[in-house]
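Worksheet: one structure, shown below.
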Amino acid sequence: MSDKTLLDQWRDMAYDQQADRNVLQKFWATYFGIEKGIYEKLLTNPDEVVTGTVKELAEKYGQEVLTMVGFLDGINDSLINPNPIETMDENTVVNLGFDKELLYKNMVDAKADWLYELPQWEEIFTADKRKELYLIQKKSGTIVKEKKIGRNDPCPCGSGKKYKHCCGRN
């Protein structure tokens with residue numbers, strides 16, 4: 001029996017730097033298909049909070065425990081009450097009660113179009129709401145650089161003086 005947590009075991013397998021690139025691509029393609037299937041089921045009844053042990057949820061969705069751990073790792077940031085993924089074992093009770101808007105935005109952030117374009121979202125949010133959430137998420141990663149104050153510009157503190165004679169002094 002390994003001393004590593006289930007999450008560590010999942011991450012070692014999923015992000016193995018020594019693995020053959022083709023093997024890893026095939027692994028992720030398979031995983032993304034599994035993930036999509038679980039989300040299709042969850043989004044069909046989005047207000048139901050699915051709970052159970054890690055092992056029970058793996059059985060419910062027909063997956064290996066480590067695959068379920070990977071799913072739990074992915075959805076954890078979107079949950080209303082996050083699971084203790086760092087320390088969980090197969091008997092840890094977990095929940096899949098997610099914040100719908102946060103989940104959608106996290107899928108957009110992950111560039112997981114196969115997830116945020118699932119037809120189940122159409123029953124949850126209108127097309128306009130999905131577009132709004134998409135744009136909010138995309139803009140949240142955009143850095144807006146403020147206009148630099150010039151030496152001879154009026155000081156932003158409102159004194160009426162030039163910046164160089166007010167707050168811009170060294």
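By convention here, the chains of the structure tokens are called A, B, ... in the order presented, each chain's residues are numbered starting at 1, and ligands are numbered starting at 1 in the order presented.
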key: Shell of 9 Å around stretch 135-144 of chain A, only C-alpha atoms, local chain residues under 4 positions omitted, as a list in words   =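 Near stretch 135-144 of chain A, the qualifying residues are Lys105, Asn106, Val108, Asp109, Arg130 and Lys131 of chain A.
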All residues 9 Å or closer to stretch 39-49 of chain A, only C-alpha atoms, same chain fewer than 5 positions away omitted, as an mmCIF file with all heavy atoms, in the first residue's frame:
data_model
loop_
_atom_site.group_PDB
_atom_site.id
_atom_site.type_symbol
_atom_site.label_atom_id
_atom_site.label_comp_id
_atom_site.auth_asym_id
_atom_site.auth_seq_id
_atom_site.Cartn_x
_atom_site.Cartn_y
_atom_site.Cartn_z
ATOM 1 N N ILE A 34 -14.558 10.639 -20.244
ATOM 2 C CA ILE A 34 -15.174 10.212 -18.983
ATOM 3 C C ILE A 34 -15.737 11.432 -18.250
ATOM 4 O O ILE A 34 -16.881 11.434 -17.779
ATOM 5 C CB ILE A 34 -14.144 9.475 -18.099
ATOM 6 C CG1 ILE A 34 -13.777 8.133 -18.744
ATOM 7 C CG2 ILE A 34 -14.654 9.301 -16.670
ATOM 8 C CD1 ILE A 34 -12.551 7.461 -18.134
ATOM 9 N N TYR A 61 -20.624 6.207 -11.154
ATOM 10 C CA TYR A 61 -20.317 6.694 -12.501
ATOM 11 C C TYR A 61 -19.500 5.691 -13.319
ATOM 12 O O TYR A 61 -19.050 6.004 -14.409
ATOM 13 C CB TYR A 61 -19.609 8.050 -12.425
ATOM 14 C CG TYR A 61 -20.524 9.125 -11.880
ATOM 15 C CD1 TYR A 61 -20.341 9.637 -10.607
ATOM 16 C CD2 TYR A 61 -21.596 9.594 -12.629
ATOM 17 C CE1 TYR A 61 -21.191 10.603 -10.097
ATOM 18 C CE2 TYR A 61 -22.456 10.562 -12.119
ATOM 19 C CZ TYR A 61 -22.243 11.065 -10.855
ATOM 20 O OH TYR A 61 -23.098 12.026 -10.350
ATOM 21 N N ASN A 95 -18.983 15.557 -1.721
ATOM 22 C CA ASN A 95 -20.216 16.015 -2.348
ATOM 23 C C ASN A 95 -19.882 16.679 -3.667
ATOM 24 O O ASN A 95 -18.755 17.119 -3.892
ATOM 25 C CB ASN A 95 -20.957 16.982 -1.421
ATOM 26 C CG ASN A 95 -20.394 18.386 -1.502
ATOM 27 O OD1 ASN A 95 -20.771 19.160 -2.378
ATOM 28 N ND2 ASN A 95 -19.479 18.721 -0.593
ATOM 29 N N LEU A 96 -20.864 16.740 -4.546
ATOM 30 C CA LEU A 96 -20.698 17.384 -5.845
ATOM 31 C C LEU A 96 -21.684 18.536 -5.999
ATOM 32 O O LEU A 96 -22.187 18.794 -7.088
ATOM 33 C CB LEU A 96 -20.883 16.357 -6.974
ATOM 34 C CG LEU A 96 -19.903 15.181 -6.989
ATOM 35 C CD1 LEU A 96 -20.233 14.220 -8.125
ATOM 36 C CD2 LEU A 96 -18.483 15.666 -7.102
ATOM 37 N N GLY A 97 -21.977 19.230 -4.893
ATOM 38 C CA GLY A 97 -22.879 20.381 -4.934
ATOM 39 C C GLY A 97 -22.136 21.587 -5.487
ATOM 40 O O GLY A 97 -21.355 22.220 -4.786
ATOM 41 N N PHE A 98 -22.381 21.907 -6.752
ATOM 42 C CA PHE A 98 -21.611 22.955 -7.411
ATOM 43 C C PHE A 98 -22.396 24.243 -7.591
ATOM 44 O O PHE A 98 -23.621 24.241 -7.658
ATOM 45 C CB PHE A 98 -21.094 22.467 -8.772
ATOM 46 C CG PHE A 98 -22.171 21.950 -9.693
ATOM 47 C CD1 PHE A 98 -22.813 22.800 -10.579
ATOM 48 C CD2 PHE A 98 -22.528 20.605 -9.678
ATOM 49 C CE1 PHE A 98 -23.803 22.325 -11.429
ATOM 50 C CE2 PHE A 98 -23.515 20.121 -10.518
ATOM 51 C CZ PHE A 98 -24.161 20.985 -11.401
ATOM 52 N N LYS A 100 -23.449 26.772 -10.095
ATOM 53 C CA LYS A 100 -23.620 26.650 -11.551
ATOM 54 C C LYS A 100 -22.833 27.713 -12.326
ATOM 55 O O LYS A 100 -22.143 27.393 -13.295
ATOM 56 C CB LYS A 100 -25.108 26.709 -11.920
ATOM 57 C CG LYS A 100 -25.901 25.505 -11.412
ATOM 58 C CD LYS A 100 -27.343 25.546 -11.847
ATOM 59 C CE LYS A 100 -28.232 26.342 -10.985
ATOM 60 N NZ LYS A 100 -28.738 25.759 -9.785
ATOM 61 N N LEU A 115 -16.997 20.940 -22.510
ATOM 62 C CA LEU A 115 -17.807 20.961 -21.292
ATOM 63 C C LEU A 115 -18.748 22.166 -21.255
ATOM 64 O O LEU A 115 -19.924 22.020 -20.981
ATOM 65 C CB LEU A 115 -16.907 20.959 -20.047
ATOM 66 C CG LEU A 115 -16.032 19.724 -19.870
ATOM 67 C CD1 LEU A 115 -15.144 19.869 -18.648
ATOM 68 C CD2 LEU A 115 -16.866 18.459 -19.780
ATOM 69 N N LEU A 118 -21.802 21.863 -23.580
ATOM 70 C CA LEU A 118 -22.731 20.736 -23.422
ATOM 71 C C LEU A 118 -24.171 21.234 -23.551
ATOM 72 O O LEU A 118 -24.513 22.311 -23.046
ATOM 73 C CB LEU A 118 -22.555 20.083 -22.043
ATOM 74 C CG LEU A 118 -21.329 19.193 -21.864
ATOM 75 C CD1 LEU A 118 -21.169 18.799 -20.399
ATOM 76 C CD2 LEU A 118 -21.420 17.955 -22.726
ATOM 77 N N PRO A 119 -25.025 20.479 -24.232
ATOM 78 C CA PRO A 119 -26.416 20.921 -24.417
ATOM 79 C C PRO A 119 -27.178 21.079 -23.095
ATOM 80 O O PRO A 119 -28.143 21.840 -23.030
ATOM 81 C CB PRO A 119 -27.036 19.840 -25.299
ATOM 82 C CG PRO A 119 -26.089 18.693 -25.278
ATOM 83 C CD PRO A 119 -24.740 19.217 -24.891
ATOM 84 N N GLN A 120 -26.747 20.415 -22.036
ATOM 85 C CA GLN A 120 -27.426 20.525 -20.741
ATOM 86 C C GLN A 120 -27.404 21.958 -20.206
ATOM 87 O O GLN A 120 -28.289 22.358 -19.457
ATOM 88 C CB GLN A 120 -26.786 19.580 -19.702
ATOM 89 C CG GLN A 120 -27.111 18.129 -19.921
ATOM 90 C CD GLN A 120 -26.241 17.452 -20.974
ATOM 91 O OE1 GLN A 120 -25.465 18.088 -21.682
ATOM 92 N NE2 GLN A 120 -26.366 16.142 -21.094
ATOM 93 N N TRP A 121 -26.396 22.742 -20.587
ATOM 94 C CA TRP A 121 -26.322 24.134 -20.132
ATOM 95 C C TRP A 121 -27.503 24.947 -20.661
ATOM 96 O O TRP A 121 -27.905 25.936 -20.041
ATOM 97 C CB TRP A 121 -25.005 24.779 -20.567
ATOM 98 C CG TRP A 121 -23.835 24.353 -19.743
ATOM 99 C CD1 TRP A 121 -22.771 23.603 -20.155
ATOM 100 C CD2 TRP A 121 -23.590 24.642 -18.362
ATOM 101 N NE1 TRP A 121 -21.891 23.409 -19.108
ATOM 102 C CE2 TRP A 121 -22.371 24.033 -18.007
ATOM 103 C CE3 TRP A 121 -24.294 25.350 -17.390
ATOM 104 C CZ2 TRP A 121 -21.836 24.117 -16.719
ATOM 105 C CZ3 TRP A 121 -23.758 25.432 -16.107
ATOM 106 C CH2 TRP A 121 -22.553 24.823 -15.782
ATOM 107 N N GLU A 123 -30.543 24.204 -20.702
ATOM 108 C CA GLU A 123 -31.663 24.103 -19.766
ATOM 109 C C GLU A 123 -31.397 24.884 -18.483
ATOM 110 O O GLU A 123 -32.321 25.174 -17.729
ATOM 111 C CB GLU A 123 -31.928 22.623 -19.417
ATOM 112 C CG GLU A 123 -32.319 21.766 -20.596
ATOM 113 C CD GLU A 123 -33.639 22.198 -21.212
ATOM 114 O OE1 GLU A 123 -34.579 22.516 -20.457
ATOM 115 O OE2 GLU A 123 -33.724 22.249 -22.457
ATOM 116 N N ILE A 124 -30.140 25.202 -18.222
ATOM 117 C CA ILE A 124 -29.753 25.875 -16.980
ATOM 118 C C ILE A 124 -29.690 27.393 -17.179
ATOM 119 O O ILE A 124 -30.217 28.153 -16.370
ATOM 120 C CB ILE A 124 -28.390 25.336 -16.482
ATOM 121 C CG1 ILE A 124 -28.509 23.833 -16.202
ATOM 122 C CG2 ILE A 124 -27.926 26.092 -15.233
ATOM 123 C CD1 ILE A 124 -27.190 23.127 -15.970
#
ask   = Which distance in Å separates atom CA of A:Leu133 and atom CA of A:Leu79, to one decimal?
value =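 Computing it gives 17.0 Å between the two atoms.
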message = Which of chain A end up as strand (DSSP E) when DSSP is run on this backbone - answer as a PyMOL selection string?
response = chain A and resi 51-53+93-95
inquiry  = One decimal, in Å: what's the spacing between atom CA of A:Gly33 and atom CA of A:Tyr104?
reply    =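 The value is 17.7 Å.
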request  = Using atom CA of A:Glu146 and atom CA of A:Ser159 as the two end points, give the distance in Å to one decimal.
outcome  = 20.6 Å
query = Neighbours of A:Lys164 within 10 Å (only C-alpha atoms; same-chain residues fewer than 3 positions away dropped), as a PyMOL selection string?
reply = chain A and resi 149-155+161+167-170
query = Pick from A:Tyr163, A:Trp10, A:Tyr15, A:Tyr116: nearest to A:Phe71, with only C-alpha atoms counted?
reply =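 Smallest distance to A:Phe71 is found for A:Trp10.
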Residues within 8 Å of A:Ser78, only C-alpha atoms, excluding chain neighbours under 2 positions, as a ChimeraX atom specification = /A:75-76,80,82,98-100,102-103,106
Go ahead and write the selection's residues with N, CA, C and O atoms as an mmCIF file, in the first residue's frame.
data_model
loop_
_atom_site.group_PDB
_atom_site.id
_atom_site.type_symbol
_atom_site.label_atom_id
_atom_site.label_comp_id
_atom_site.auth_asym_id
_atom_site.auth_seq_id
_atom_site.Cartn_x
_atom_site.Cartn_y
_atom_site.Cartn_z
ATOM 1 N N ILE A 75 -13.336 19.488 -10.274
ATOM 2 C CA ILE A 75 -14.575 20.201 -9.932
ATOM 3 C C ILE A 75 -14.478 20.935 -8.594
ATOM 4 O O ILE A 75 -15.278 21.814 -8.297
ATOM 5 N N ASN A 76 -13.466 20.643 -7.810
ATOM 6 C CA ASN A 76 -13.410 21.147 -6.433
ATOM 7 C C ASN A 76 -13.524 22.669 -6.326
ATOM 8 O O ASN A 76 -14.176 23.174 -5.431
ATOM 9 N N ILE A 80 -19.764 24.409 -3.874
ATOM 10 C CA ILE A 80 -20.218 25.322 -2.827
ATOM 11 C C ILE A 80 -19.443 25.017 -1.543
ATOM 12 O O ILE A 80 -18.986 25.927 -0.858
ATOM 13 N N PRO A 82 -16.169 22.904 -0.786
ATOM 14 C CA PRO A 82 -15.089 22.084 -1.344
ATOM 15 C C PRO A 82 -14.815 20.828 -0.519
ATOM 16 O O PRO A 82 -15.016 20.800 0.693
ATOM 17 N N PHE A 98 -22.381 21.907 -6.752
ATOM 18 C CA PHE A 98 -21.611 22.955 -7.411
ATOM 19 C C PHE A 98 -22.396 24.243 -7.591
ATOM 20 O O PHE A 98 -23.621 24.241 -7.658
ATOM 21 N N ASP A 99 -21.660 25.341 -7.672
ATOM 22 C CA ASP A 99 -22.206 26.652 -8.011
ATOM 23 C C ASP A 99 -22.256 26.683 -9.537
ATOM 24 O O ASP A 99 -21.220 26.623 -10.192
ATOM 25 N N LYS A 100 -23.449 26.772 -10.095
ATOM 26 C CA LYS A 100 -23.620 26.650 -11.551
ATOM 27 C C LYS A 100 -22.833 27.713 -12.326
ATOM 28 O O LYS A 100 -22.143 27.393 -13.295
ATOM 29 N N LEU A 102 -20.235 29.517 -11.303
ATOM 30 C CA LEU A 102 -18.796 29.316 -11.097
ATOM 31 C C LEU A 102 -18.288 28.137 -11.914
ATOM 32 O O LEU A 102 -17.216 28.214 -12.526
ATOM 33 N N LEU A 103 -19.056 27.057 -11.959
ATOM 34 C CA LEU A 103 -18.659 25.896 -12.751
ATOM 35 C C LEU A 103 -18.541 26.267 -14.219
ATOM 36 O O LEU A 103 -17.558 25.936 -14.884
ATOM 37 N N ASN A 106 -15.469 28.396 -14.717
ATOM 38 C CA ASN A 106 -14.241 27.599 -14.587
ATOM 39 C C ASN A 106 -14.006 26.727 -15.813
ATOM 40 O O ASN A 106 -12.865 26.497 -16.208
#
ask   = Near stretch 23-28 of chain A, counting only C-alpha atoms, which residues have an atom at most 12 Å away, once you skip same-chain residues fewer than 3 positions from it, shown as a list in words?
value = Trp10, Asp12, Met13, Ala14, Tyr15, Asp16, Gln17, Gln18, Ala19, Asp20, Tyr31, Phe32, Gly33, Ile34, Glu35, Lys36, Thr67 and Gly70 of chain A
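The smallest atom-to-atom distance between A:Met68 and any of A:Lys147, A:Arg21, A:Lys4, A:Lys55, using only C-alpha atoms, is found for A:Lys55.
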ask   = Which parts of stretch 9-145 of chain A does DSSP call alpha helix (DSSP H) when run on the backbone here, written out as an NGL selection string?
value = :A and (9-14 or 21-44 or 54-60 or 65-75 or 100-109 or 113-116 or 121-124 or 127-140)
Surrounding residues of A:Ile85 excluding itself and chain neighbours under 3 positions, 7 Å, only C-alpha atoms, as a CSV table (one decimal) with N, CA and C atoms, in the first residue's frame:
chain,number,residue,atom,x,y,z
A,7,LEU,N,-4.9,11.8,-4.2
A,7,LEU,CA,-4.7,12.9,-5.1
A,7,LEU,C,-3.2,12.9,-5.6
A,73,ASP,N,-10.8,16.5,-8.2
A,73,ASP,CA,-9.8,17.5,-8.3
A,73,ASP,C,-10.2,18.7,-9.2
A,88,MET,N,-8.2,13.1,1.2
A,88,MET,CA,-9.2,12.0,1.1
A,88,MET,C,-8.7,10.7,0.7
message = Residues within 12 Å of A:Lys60, please, as a count of residues only. Count only C-alpha atoms; anything in the same chain fewer than 3 positions from it doesn't count.
response = 15
